[in-house]
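Reproduced below: data_27.cif, with mmCIF, C-alpha atoms.
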```cif
data_run
loop_
_atom_site.label_atom_id
_atom_site.label_comp_id
_atom_site.auth_asym_id
_atom_site.auth_seq_id
_atom_site.Cartn_x
_atom_site.Cartn_y
_atom_site.Cartn_z
CA ASN Q 1 8.41 175.11 82.16
CA ASN Q 2 9.00 178.59 83.53
CA LEU Q 3 7.81 177.69 87.03
CA ALA Q 4 10.35 174.86 87.22
CA TYR Q 5 13.15 177.25 86.26
CA LEU Q 6 11.86 179.76 88.81
CA VAL Q 7 12.20 177.12 91.53
CA ALA Q 8 15.66 176.11 90.25
CA SER Q 9 16.82 179.73 90.45
CA THR Q 10 16.42 179.66 94.25
CA LEU Q 11 19.03 176.91 94.65
CA PRO Q 12 22.25 179.00 94.50
CA GLU Q 13 21.06 181.12 97.42
CA HIS Q 14 20.18 178.03 99.48
CA ILE Q 15 23.34 176.09 98.59
CA TYR Q 16 26.01 178.79 98.19
CA GLY Q 17 24.44 181.77 99.95
CA ILE Q 18 24.58 184.02 96.87
CA PRO Q 19 21.73 185.30 94.68
CA PHE Q 20 21.02 183.48 91.44
CA GLU Q 21 21.90 186.55 89.32
CA LYS Q 22 25.34 186.84 90.93
CA PHE Q 23 25.90 183.08 90.62
CA VAL Q 24 25.22 183.15 86.86
CA LYS Q 25 27.42 186.22 86.37
CA GLU Q 26 30.38 184.71 88.23
CA ARG Q 27 30.03 181.15 86.89
CA ILE Q 28 28.92 181.79 83.28
CA PHE Q 29 28.99 185.38 82.02
CA ASP Q 30 32.41 186.33 83.44
CA PRO Q 31 34.29 183.16 82.37
CA LEU Q 32 32.88 183.57 78.85
CA GLY Q 33 33.91 187.24 78.74
CA MET Q 34 30.29 188.36 78.27
CA THR Q 35 30.77 191.81 79.75
CA GLU Q 36 27.60 193.29 78.22
CA THR Q 37 25.23 190.61 79.51
CA THR Q 38 23.26 191.17 82.70
CA TYR Q 39 20.04 190.63 84.62
CA TYR Q 40 19.98 194.33 85.51
CA PRO Q 41 19.05 196.37 82.41
CA ALA Q 42 19.68 199.69 84.20
CA HIS Q 43 23.41 198.84 83.94
CA THR Q 44 23.35 198.72 80.13
CA ASN Q 45 22.84 200.85 77.04
CA ARG Q 46 19.45 199.57 75.93
CA SER Q 47 17.51 199.78 72.70
CA ASP Q 48 14.05 201.28 73.01
CA ALA Q 49 10.95 199.17 72.53
CA PHE Q 50 8.19 199.99 70.05
CA VAL Q 51 4.51 199.06 69.99
CA ARG Q 52 1.83 199.95 67.44
CA LYS Q 53 -1.11 202.15 68.35
CA GLY Q 54 -4.36 202.12 66.39
CA MET Q 55 -3.76 198.98 64.34
CA ASN Q 56 -6.64 197.89 62.10
CA PHE Q 57 -6.58 194.11 61.83
CA GLU Q 58 -9.27 194.00 59.13
CA ALA Q 59 -7.05 196.22 56.99
CA CYS Q 60 -4.07 193.97 57.81
CA ALA Q 61 -5.99 190.91 56.64
CA GLU Q 62 -6.80 192.66 53.37
CA ASP Q 63 -3.23 193.92 52.93
CA SER Q 64 -1.82 190.44 53.53
CA LYS Q 65 -3.19 189.39 50.14
CA GLY Q 66 -0.64 191.72 48.57
CA ARG Q 67 3.05 192.38 49.25
CA SER Q 68 2.90 195.29 51.69
CA LEU Q 69 0.98 196.57 54.71
CA SER Q 70 -0.72 199.95 54.64
CA LYS Q 71 -0.55 202.67 57.28
CA LYS Q 72 -4.22 201.95 58.05
CA CYS Q 73 -3.17 198.43 59.02
CA LEU Q 74 0.04 199.34 60.85
CA GLY Q 75 -1.22 202.33 62.80
CA GLU Q 76 1.34 204.49 64.59
CA SER Q 77 4.65 203.24 65.98
CA VAL Q 78 5.06 204.34 69.61
CA ASN Q 79 8.29 204.31 71.64
CA ILE Q 80 7.67 202.83 75.11
CA GLY Q 81 11.31 202.88 76.26
CA PHE Q 82 12.48 199.75 78.05
CA MET Q 83 9.77 197.89 79.94
CA ARG Q 84 11.77 196.27 82.71
CA GLU Q 85 13.99 197.28 85.61
CA GLY Q 86 15.74 195.05 88.11
CA ALA Q 87 16.26 191.30 87.83
CA MET Q 88 12.64 190.46 87.00
CA ASN Q 89 12.00 186.95 85.67
CA ALA Q 90 15.63 185.95 86.24
CA GLY Q 91 14.98 182.21 86.64
CA PRO Q 92 13.01 181.49 83.45
CA GLY Q 93 14.91 184.12 81.42
CA GLY Q 94 15.36 187.83 81.99
CA VAL Q 95 18.84 188.15 80.47
CA VAL Q 96 19.66 191.44 78.74
CA SER Q 97 22.50 191.04 76.27
CA SER Q 98 24.06 192.57 73.15
CA ALA Q 99 24.90 191.56 69.62
CA ARG Q 100 28.58 191.59 70.62
CA ASP Q 101 28.12 189.11 73.45
CA MET Q 102 25.82 186.93 71.35
CA VAL Q 103 27.85 186.76 68.16
CA ARG Q 104 31.26 188.43 68.05
CA HIS Q 105 34.42 186.48 68.82
CA ARG Q 106 37.42 188.69 69.59
CA THR Q 107 40.48 187.59 71.54
CA LYS Q 108 42.23 190.98 71.56
CA PRO Q 109 40.43 194.17 72.63
CA LEU Q 110 40.47 197.10 70.21
CA CYS Q 111 41.71 199.37 73.00
CA ARG Q 112 43.61 198.11 76.04
CA PRO Q 113 44.34 200.48 78.96
CA LEU Q 114 47.97 200.37 80.11
CA GLY Q 115 48.53 197.35 82.34
CA ALA Q 116 44.99 195.98 81.86
CA ASP Q 117 44.53 192.28 81.28
CA PHE Q 118 41.47 191.04 79.41
CA PRO Q 119 40.38 187.38 79.29
CA PRO Q 120 39.80 185.84 75.86
CA GLN Q 121 36.19 186.30 74.79
CA ALA Q 122 33.82 183.58 73.68
CA THR Q 123 30.36 184.59 72.64
CA TRP Q 124 27.25 182.81 73.81
CA LEU Q 125 26.71 181.15 70.44
CA LYS Q 126 30.30 179.95 70.29
CA ALA Q 127 30.06 178.54 73.82
CA LEU Q 128 26.91 176.62 72.90
CA LEU Q 129 28.51 175.19 69.76
CA MET Q 130 31.65 174.26 71.75
CA GLN Q 131 29.59 172.26 74.27
CA GLY Q 132 29.81 174.92 76.96
CA LYS Q 133 33.51 175.76 76.67
CA SER Q 134 35.10 179.21 76.79
CA ALA Q 135 37.59 180.62 74.29
CA SER Q 136 40.38 179.33 76.55
CA ASN Q 137 38.85 175.82 76.37
CA GLU Q 138 37.59 175.95 79.97
CA SER Q 139 34.38 174.00 80.63
CA VAL Q 140 31.92 176.66 81.83
CA ILE Q 141 28.60 174.88 81.21
CA PRO Q 142 28.70 171.09 81.64
CA PRO Q 143 27.93 169.41 78.31
CA GLU Q 144 25.45 167.11 80.03
CA VAL Q 145 23.41 170.19 80.94
CA LEU Q 146 23.26 171.35 77.32
CA LYS Q 147 22.28 167.82 76.32
CA ALA Q 148 19.54 167.66 78.96
CA VAL Q 149 17.83 170.91 77.93
CA ALA Q 150 17.89 169.88 74.26
CA THR Q 151 16.63 166.30 74.70
CA PRO Q 152 13.08 166.04 73.28
CA TYR Q 153 10.44 165.21 75.89
CA SER Q 154 7.22 166.24 74.16
CA GLN Q 155 5.69 167.12 70.82
CA ALA Q 156 5.41 170.90 70.45
CA TYR Q 157 2.80 172.96 68.67
CA ASP Q 158 3.53 173.45 64.96
CA PRO Q 159 2.14 176.68 63.46
CA PRO Q 160 -0.15 176.05 60.46
CA SER Q 161 2.27 177.87 58.14
CA PHE Q 162 4.93 175.30 59.00
CA THR Q 163 2.84 172.12 58.88
CA HIS Q 164 1.91 172.90 55.28
CA ASP Q 165 5.62 172.79 54.41
CA ALA Q 166 6.61 169.37 55.74
CA ASP Q 167 9.36 169.15 53.12
CA LEU Q 168 10.97 172.24 54.66
CA MET Q 169 10.15 172.01 58.35
CA GLY Q 170 10.26 168.90 60.53
CA HIS Q 171 7.86 168.62 63.47
CA SER Q 172 8.87 170.57 66.58
CA THR Q 173 9.73 168.91 69.88
CA TYR Q 174 10.37 170.43 73.28
CA GLY Q 175 13.06 169.58 75.82
CA ALA Q 176 13.80 171.23 79.17
CA GLY Q 177 13.70 174.77 77.82
CA GLN Q 178 14.74 174.31 74.17
CA MET Q 179 12.81 173.71 70.95
CA MET Q 180 14.11 171.24 68.36
CA TYR Q 181 13.14 170.72 64.72
CA SER Q 182 14.72 170.28 61.31
CA TYR Q 183 14.88 172.93 58.61
CA ARG Q 184 15.65 171.73 55.09
CA GLY Q 185 17.50 168.74 56.49
CA TYR Q 186 19.50 170.63 59.16
CA TYR Q 187 18.88 169.95 62.86
CA VAL Q 188 17.97 173.11 64.78
CA ILE Q 189 17.93 173.88 68.52
CA GLU Q 190 16.49 177.23 69.57
CA HIS Q 191 14.40 179.32 71.92
CA GLY Q 192 13.00 182.82 71.78
CA GLY Q 193 12.65 185.44 74.48
CA ALA Q 194 10.39 188.47 74.79
CA VAL Q 195 9.29 191.40 76.91
CA PRO Q 196 6.89 194.06 75.55
CA GLY Q 197 8.49 195.60 72.48
CA GLN Q 198 11.61 193.43 72.60
CA MET Q 199 12.06 189.91 71.28
CA SER Q 200 14.98 187.70 70.40
CA GLN Q 201 15.72 184.30 68.94
CA VAL Q 202 18.90 182.30 69.56
CA MET Q 203 19.31 179.24 67.36
CA ARG Q 204 22.11 176.81 66.78
CA MET Q 205 22.71 174.04 64.27
CA PRO Q 206 25.32 171.93 66.05
CA GLY Q 207 25.82 169.45 63.24
CA ALA Q 208 26.78 172.28 60.88
CA GLY Q 209 28.61 174.41 63.46
CA VAL Q 210 26.33 177.39 62.84
CA GLY Q 211 24.66 179.73 65.33
CA ILE Q 212 22.38 182.71 64.69
CA ALA Q 213 21.05 185.33 67.11
CA ILE Q 214 18.40 187.87 66.08
CA MET Q 215 17.08 190.75 68.19
CA VAL Q 216 14.07 192.89 67.18
CA ASN Q 217 12.28 195.77 68.90
CA ASP Q 218 8.89 195.76 67.17
CA ASN Q 219 6.20 194.34 69.43
CA GLU Q 220 3.48 193.31 66.98
CA PHE Q 221 5.57 192.03 64.06
CA GLY Q 222 8.90 191.25 65.70
CA THR Q 223 8.33 187.50 66.00
CA ASP Q 224 7.18 187.14 62.38
CA PHE Q 225 10.11 189.29 61.28
CA TYR Q 226 12.84 187.29 63.01
CA LYS Q 227 11.40 183.98 61.78
CA VAL Q 228 11.56 185.18 58.18
CA VAL Q 229 15.04 186.69 58.58
CA GLN Q 230 16.33 183.63 60.43
CA LYS Q 231 15.30 181.22 57.67
CA ARG Q 232 16.64 183.54 54.97
CA ILE Q 233 20.04 183.65 56.70
CA VAL Q 234 20.15 179.84 56.87
CA ASP Q 235 19.27 179.60 53.17
CA HIS Q 236 22.10 182.00 52.37
CA ILE Q 237 24.71 180.29 54.57
CA PHE Q 238 24.12 176.89 52.97
CA GLY Q 239 23.61 178.16 49.42
CA LEU Q 240 20.01 176.96 49.24
CA GLU Q 241 17.31 178.36 46.98
CA PRO Q 242 15.62 180.99 49.17
CA VAL Q 243 12.14 180.18 50.47
CA ASP Q 244 9.66 183.08 50.32
CA TRP Q 245 8.74 182.90 54.01
CA ALA Q 246 7.47 186.50 53.95
CA SER Q 247 4.51 185.56 51.76
CA LYS Q 248 3.91 182.37 53.76
#
```

When written as structure tokens, how does the structure in this file appear?
Amino acid sequence: NNLAYLVASTLPEHIYGIPFEKFVKERIFDPLGMTETTYYPAHTNRSDAFVRKGMNFEACAEDSKGRSLSKKCLGESVNIGFMREGAMNAGPGGVVSSARDMVRHRTKPLCRPLGADFPPQATWLKALLMQGKSASNESVIPPEVLKAVATPYSQAYDPPSFTHDADLMGHSTYGAGQMMYSYRGYYVIEHGGAVPGQMSQVMRMPGAGVGIAIMVNDNEFGTDFYKVVQKRIVDHIFGLEPVDWASK
């Protein structure tokens, strides 16, 4: 759990004499070419976070019987900026990243200053699917570590909307920081992350060689949104009849 990862994050300072955040940057982010990924959000261009003020949940319950939510339900969307500064929560999570570092694979920069040398880039999803290797085939994360975090140790909670669709969703299990389940016959490994007004979901389907990362900045509906979008993307990739997860 998070407390175990918090304890683990103290080890680099005890063993190597360097802070955990610097250790991860030098040993993982830099070798993978993830130049926009950091524990220090002040160093980045950040999307703003949004929360909803004056929501009416009775109106939401009534609206949910139809296909849209009214303004009475949704209330007013309020920009709260970015909720975190410094390397808060660095052990259990706390990484601030970008769509480029999550998804894009580019070996040649669009613009190279004279004399500059850039390492080949491998995104986070690509590194996970390549068992922890960089674009230059260097082992950055030991494959046994990736296997350990994604080995099921316990039965996880299945939301009611999923348990009613056993033909679509297999039961969830939990490893050492990763969730595992099957979706329409495909094995999925994933985990979400969230701070107020910002949430993300990084999933991979190693058997199919597919990875998906979704980032949303709506506090109240962000999690529901990325779950619907995530499943719809998978349906599209594999040419499956789309499931109407929005109504579910």

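Minimum distance to Pro41 in chain Q across Q:Ser97, Q:Phe29, Q:Gly81, Q:Ser70 (counting only C-alpha atoms) occurs at Q:Ser97.
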
**Report entry** Target residues per the PyMOL selection byres ((chain Q and resi 151) around 9), formatted as a ChimeraX atom specification
**Finding:** /Q:146-150,152-153,173-176,178,180

Report task. Take CA of Gly170 in chain Q and CA of Asn1 in chain Q and report the distance between them in Å, one decimal. Result -> 22.6 Å

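Going from CA of Met199 in chain Q over to CA of Tyr186 in chain Q, you cover 24.0 Å.
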
Query raised in the report: Which residue out of Q:Met34, Q:Val216, Q:Ala208, Q:Val243 has the minimum interatomic distance to Val95 in chain Q when only C-alpha atoms are used?
Result: Q:Met34

Report task. Expand the PyMOL selection byres ((chain Q and resi 45-57) around 6) into the individual residues it matches in the shown file, reporting them as a list in words. Result -> Thr44, Glu58, Ala59, Cys60, Cys73, Leu74, Gly75, Glu76, Ser77, Val78, Asn79, Ile80, Gly81, Phe82, Gly197, Gln198, Asn217, Asp218 and Asn219 of chain Q

Query raised in the report: Using only C-alpha atoms, can you list as a PyMOL selection string the residues within 12 Å of (2.9, 185.8, 60.6)?
Result: chain Q and resi 60-61+64+159-162+220-228+245-248

Would you output that residue set with C-alpha atoms, as a JSON list (two decimals), in the coordinates of the input?
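Everything below was put into selection-v3.json:
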```
[["chain", "number", "residue", "atom", "x", "y", "z"],
["Q", 60, "CYS", "CA", -4.07, 193.97, 57.81],
["Q", 61, "ALA", "CA", -5.99, 190.91, 56.64],
["Q", 64, "SER", "CA", -1.82, 190.44, 53.53],
["Q", 159, "PRO", "CA", 2.14, 176.68, 63.46],
["Q", 160, "PRO", "CA", -0.15, 176.05, 60.46],
["Q", 161, "SER", "CA", 2.27, 177.87, 58.14],
["Q", 162, "PHE", "CA", 4.93, 175.30, 59.00],
["Q", 220, "GLU", "CA", 3.48, 193.31, 66.98],
["Q", 221, "PHE", "CA", 5.57, 192.03, 64.06],
["Q", 222, "GLY", "CA", 8.90, 191.25, 65.70],
["Q", 223, "THR", "CA", 8.33, 187.50, 66.00],
["Q", 224, "ASP", "CA", 7.18, 187.14, 62.38],
["Q", 225, "PHE", "CA", 10.11, 189.29, 61.28],
["Q", 226, "TYR", "CA", 12.84, 187.29, 63.01],
["Q", 227, "LYS", "CA", 11.40, 183.98, 61.78],
["Q", 228, "VAL", "CA", 11.56, 185.18, 58.18],
["Q", 245, "TRP", "CA", 8.74, 182.90, 54.01],
["Q", 246, "ALA", "CA", 7.47, 186.50, 53.95],
["Q", 247, "SER", "CA", 4.51, 185.56, 51.76],
["Q", 248, "LYS", "CA", 3.91, 182.37, 53.76]]
```

Query raised in the report: Written as a ChimeraX atom specification, which residues does the PyMOL selection byres ((chain Q and resi 132) around 12) give for the file shown?
Result: /Q:27-29,31-32,122-131,133-147

Coordinates of box centre and edge lengths for range 233-246 of chain Q, 6 Å on every side, axis-aligned, as AutoDock Vina command-line options:
```
--center_x 16.1 --center_y 181.7 --center_z 51.9 --size_x 29.2 --size_y 21.6 --size_z 21.9
```

**Report entry** Point-to-point distance in Å for CA of Leu3 in chain Q and CA of His171 in chain Q
**Finding:** 25.2 Å

Query raised in the report: Can you tell me, as an NGL selection string, what residues are no more than 12 Å from Ile212 in chain Q when counting only C-alpha atoms, ignoring any on the same chain fewer than 4 positions away?
Result: :Q and (99 or 102-104 or 123-126 or 128-129 or 188-192 or 200-206 or 208 or 226-227 or 229-234 or 237)

Since we have the selection now, will you write its residues out, keeping C-alpha atoms, as an mmCIF file, in the coordinates of the input?
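Final output, part-v5.cif:
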```cif
data_model
loop_
_atom_site.group_PDB
_atom_site.id
_atom_site.type_symbol
_atom_site.label_atom_id
_atom_site.label_comp_id
_atom_site.auth_asym_id
_atom_site.auth_seq_id
_atom_site.Cartn_x
_atom_site.Cartn_y
_atom_site.Cartn_z
ATOM 1 C CA ALA Q 99 24.900 191.560 69.620
ATOM 2 C CA MET Q 102 25.820 186.930 71.350
ATOM 3 C CA VAL Q 103 27.850 186.760 68.160
ATOM 4 C CA ARG Q 104 31.260 188.430 68.050
ATOM 5 C CA THR Q 123 30.360 184.590 72.640
ATOM 6 C CA TRP Q 124 27.250 182.810 73.810
ATOM 7 C CA LEU Q 125 26.710 181.150 70.440
ATOM 8 C CA LYS Q 126 30.300 179.950 70.290
ATOM 9 C CA LEU Q 128 26.910 176.620 72.900
ATOM 10 C CA LEU Q 129 28.510 175.190 69.760
ATOM 11 C CA VAL Q 188 17.970 173.110 64.780
ATOM 12 C CA ILE Q 189 17.930 173.880 68.520
ATOM 13 C CA GLU Q 190 16.490 177.230 69.570
ATOM 14 C CA HIS Q 191 14.400 179.320 71.920
ATOM 15 C CA GLY Q 192 13.000 182.820 71.780
ATOM 16 C CA SER Q 200 14.980 187.700 70.400
ATOM 17 C CA GLN Q 201 15.720 184.300 68.940
ATOM 18 C CA VAL Q 202 18.900 182.300 69.560
ATOM 19 C CA MET Q 203 19.310 179.240 67.360
ATOM 20 C CA ARG Q 204 22.110 176.810 66.780
ATOM 21 C CA MET Q 205 22.710 174.040 64.270
ATOM 22 C CA PRO Q 206 25.320 171.930 66.050
ATOM 23 C CA ALA Q 208 26.780 172.280 60.880
ATOM 24 C CA TYR Q 226 12.840 187.290 63.010
ATOM 25 C CA LYS Q 227 11.400 183.980 61.780
ATOM 26 C CA VAL Q 229 15.040 186.690 58.580
ATOM 27 C CA GLN Q 230 16.330 183.630 60.430
ATOM 28 C CA LYS Q 231 15.300 181.220 57.670
ATOM 29 C CA ARG Q 232 16.640 183.540 54.970
ATOM 30 C CA ILE Q 233 20.040 183.650 56.700
ATOM 31 C CA VAL Q 234 20.150 179.840 56.870
ATOM 32 C CA ILE Q 237 24.710 180.290 54.570
#
```

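Using all atoms listed in the file for every distance, the candidate list Q:Glu62, Q:Leu168, Q:Tyr157, Q:Met179 yields Q:Leu168 as the residue closest to Pro242 in chain Q.
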
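Ranking Q:Ser154, Q:Thr38, Q:Ser68, Q:Asn89 by their shortest atom-to-atom distance to Val7 in chain Q, with all atoms listed in the file included, puts Q:Asn89 first.
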
As an mmCIF file, in the coordinates of the input, the rebuilt range 91-102 of chain Q with all heavy atoms:
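Wrote selection14.cif, looks like this:
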```
data_model
loop_
_atom_site.group_PDB
_atom_site.id
_atom_site.type_symbol
_atom_site.label_atom_id
_atom_site.label_comp_id
_atom_site.auth_asym_id
_atom_site.auth_seq_id
_atom_site.Cartn_x
_atom_site.Cartn_y
_atom_site.Cartn_z
ATOM 1 N N GLY Q 91 14.880 183.662 86.755
ATOM 2 C CA GLY Q 91 14.980 182.210 86.640
ATOM 3 C C GLY Q 91 14.629 181.686 85.260
ATOM 4 O O GLY Q 91 15.434 181.025 84.597
ATOM 5 N N PRO Q 92 13.418 181.982 84.761
ATOM 6 C CA PRO Q 92 13.010 181.490 83.450
ATOM 7 C C PRO Q 92 13.686 182.205 82.282
ATOM 8 O O PRO Q 92 13.637 181.731 81.157
ATOM 9 C CB PRO Q 92 11.500 181.758 83.421
ATOM 10 C CG PRO Q 92 11.110 181.957 84.839
ATOM 11 C CD PRO Q 92 12.292 182.568 85.504
ATOM 12 N N GLY Q 93 14.289 183.368 82.518
ATOM 13 C CA GLY Q 93 14.910 184.120 81.420
ATOM 14 C C GLY Q 93 15.480 185.410 81.963
ATOM 15 O O GLY Q 93 16.303 185.416 82.869
ATOM 16 N N GLY Q 94 15.010 186.538 81.430
ATOM 17 C CA GLY Q 94 15.360 187.830 81.990
ATOM 18 C C GLY Q 94 16.731 188.363 81.661
ATOM 19 O O GLY Q 94 17.138 189.394 82.186
ATOM 20 N N VAL Q 95 17.492 187.687 80.800
ATOM 21 C CA VAL Q 95 18.840 188.150 80.470
ATOM 22 C C VAL Q 95 18.771 189.281 79.451
ATOM 23 O O VAL Q 95 18.044 189.190 78.468
ATOM 24 C CB VAL Q 95 19.687 186.991 79.902
ATOM 25 C CG1 VAL Q 95 21.032 187.502 79.409
ATOM 26 C CG2 VAL Q 95 19.879 185.919 80.949
ATOM 27 N N VAL Q 96 19.513 190.348 79.703
ATOM 28 C CA VAL Q 96 19.660 191.440 78.740
ATOM 29 C C VAL Q 96 21.081 191.351 78.186
ATOM 30 O O VAL Q 96 22.047 191.377 78.939
ATOM 31 C CB VAL Q 96 19.442 192.806 79.416
ATOM 32 C CG1 VAL Q 96 19.640 193.932 78.409
ATOM 33 C CG2 VAL Q 96 18.049 192.873 80.024
ATOM 34 N N SER Q 97 21.184 191.229 76.870
ATOM 35 C CA SER Q 97 22.500 191.040 76.270
ATOM 36 C C SER Q 97 22.664 191.943 75.061
ATOM 37 O O SER Q 97 21.836 192.814 74.785
ATOM 38 C CB SER Q 97 22.693 189.561 75.886
ATOM 39 O OG SER Q 97 24.046 189.303 75.558
ATOM 40 N N SER Q 98 23.742 191.735 74.317
ATOM 41 C CA SER Q 98 24.060 192.570 73.150
ATOM 42 C C SER Q 98 24.453 191.680 71.984
ATOM 43 O O SER Q 98 24.773 190.497 72.149
ATOM 44 C CB SER Q 98 25.220 193.501 73.481
ATOM 45 O OG SER Q 98 26.415 192.751 73.623
ATOM 46 N N ALA Q 99 24.451 192.294 70.799
ATOM 47 C CA ALA Q 99 24.900 191.560 69.620
ATOM 48 C C ALA Q 99 26.347 191.112 69.772
ATOM 49 O O ALA Q 99 26.731 190.027 69.335
ATOM 50 C CB ALA Q 99 24.743 192.436 68.367
ATOM 51 N N ARG Q 100 27.169 191.953 70.433
ATOM 52 C CA ARG Q 100 28.580 191.590 70.620
ATOM 53 C C ARG Q 100 28.712 190.325 71.459
ATOM 54 O O ARG Q 100 29.458 189.406 71.121
ATOM 55 C CB ARG Q 100 29.343 192.746 71.251
ATOM 56 C CG ARG Q 100 29.737 193.840 70.279
ATOM 57 C CD ARG Q 100 30.594 194.885 70.957
ATOM 58 N NE ARG Q 100 29.799 195.689 71.881
ATOM 59 C CZ ARG Q 100 29.239 196.844 71.552
ATOM 60 N NH1 ARG Q 100 29.364 197.308 70.329
ATOM 61 N NH2 ARG Q 100 28.549 197.536 72.440
ATOM 62 N N ASP Q 101 28.002 190.272 72.580
ATOM 63 C CA ASP Q 101 28.120 189.110 73.450
ATOM 64 C C ASP Q 101 27.458 187.866 72.848
ATOM 65 O O ASP Q 101 27.825 186.737 73.171
ATOM 66 C CB ASP Q 101 27.492 189.398 74.821
ATOM 67 C CG ASP Q 101 28.463 190.102 75.758
ATOM 68 O OD1 ASP Q 101 29.577 190.438 75.311
ATOM 69 O OD2 ASP Q 101 28.104 190.314 76.932
ATOM 70 N N MET Q 102 26.475 188.066 71.995
ATOM 71 C CA MET Q 102 25.820 186.930 71.350
ATOM 72 C C MET Q 102 26.667 186.337 70.237
ATOM 73 O O MET Q 102 26.756 185.126 70.080
ATOM 74 C CB MET Q 102 24.468 187.360 70.763
ATOM 75 C CG MET Q 102 23.373 187.564 71.773
ATOM 76 S SD MET Q 102 22.729 186.005 72.408
ATOM 77 C CE MET Q 102 23.236 186.124 74.116
#
```
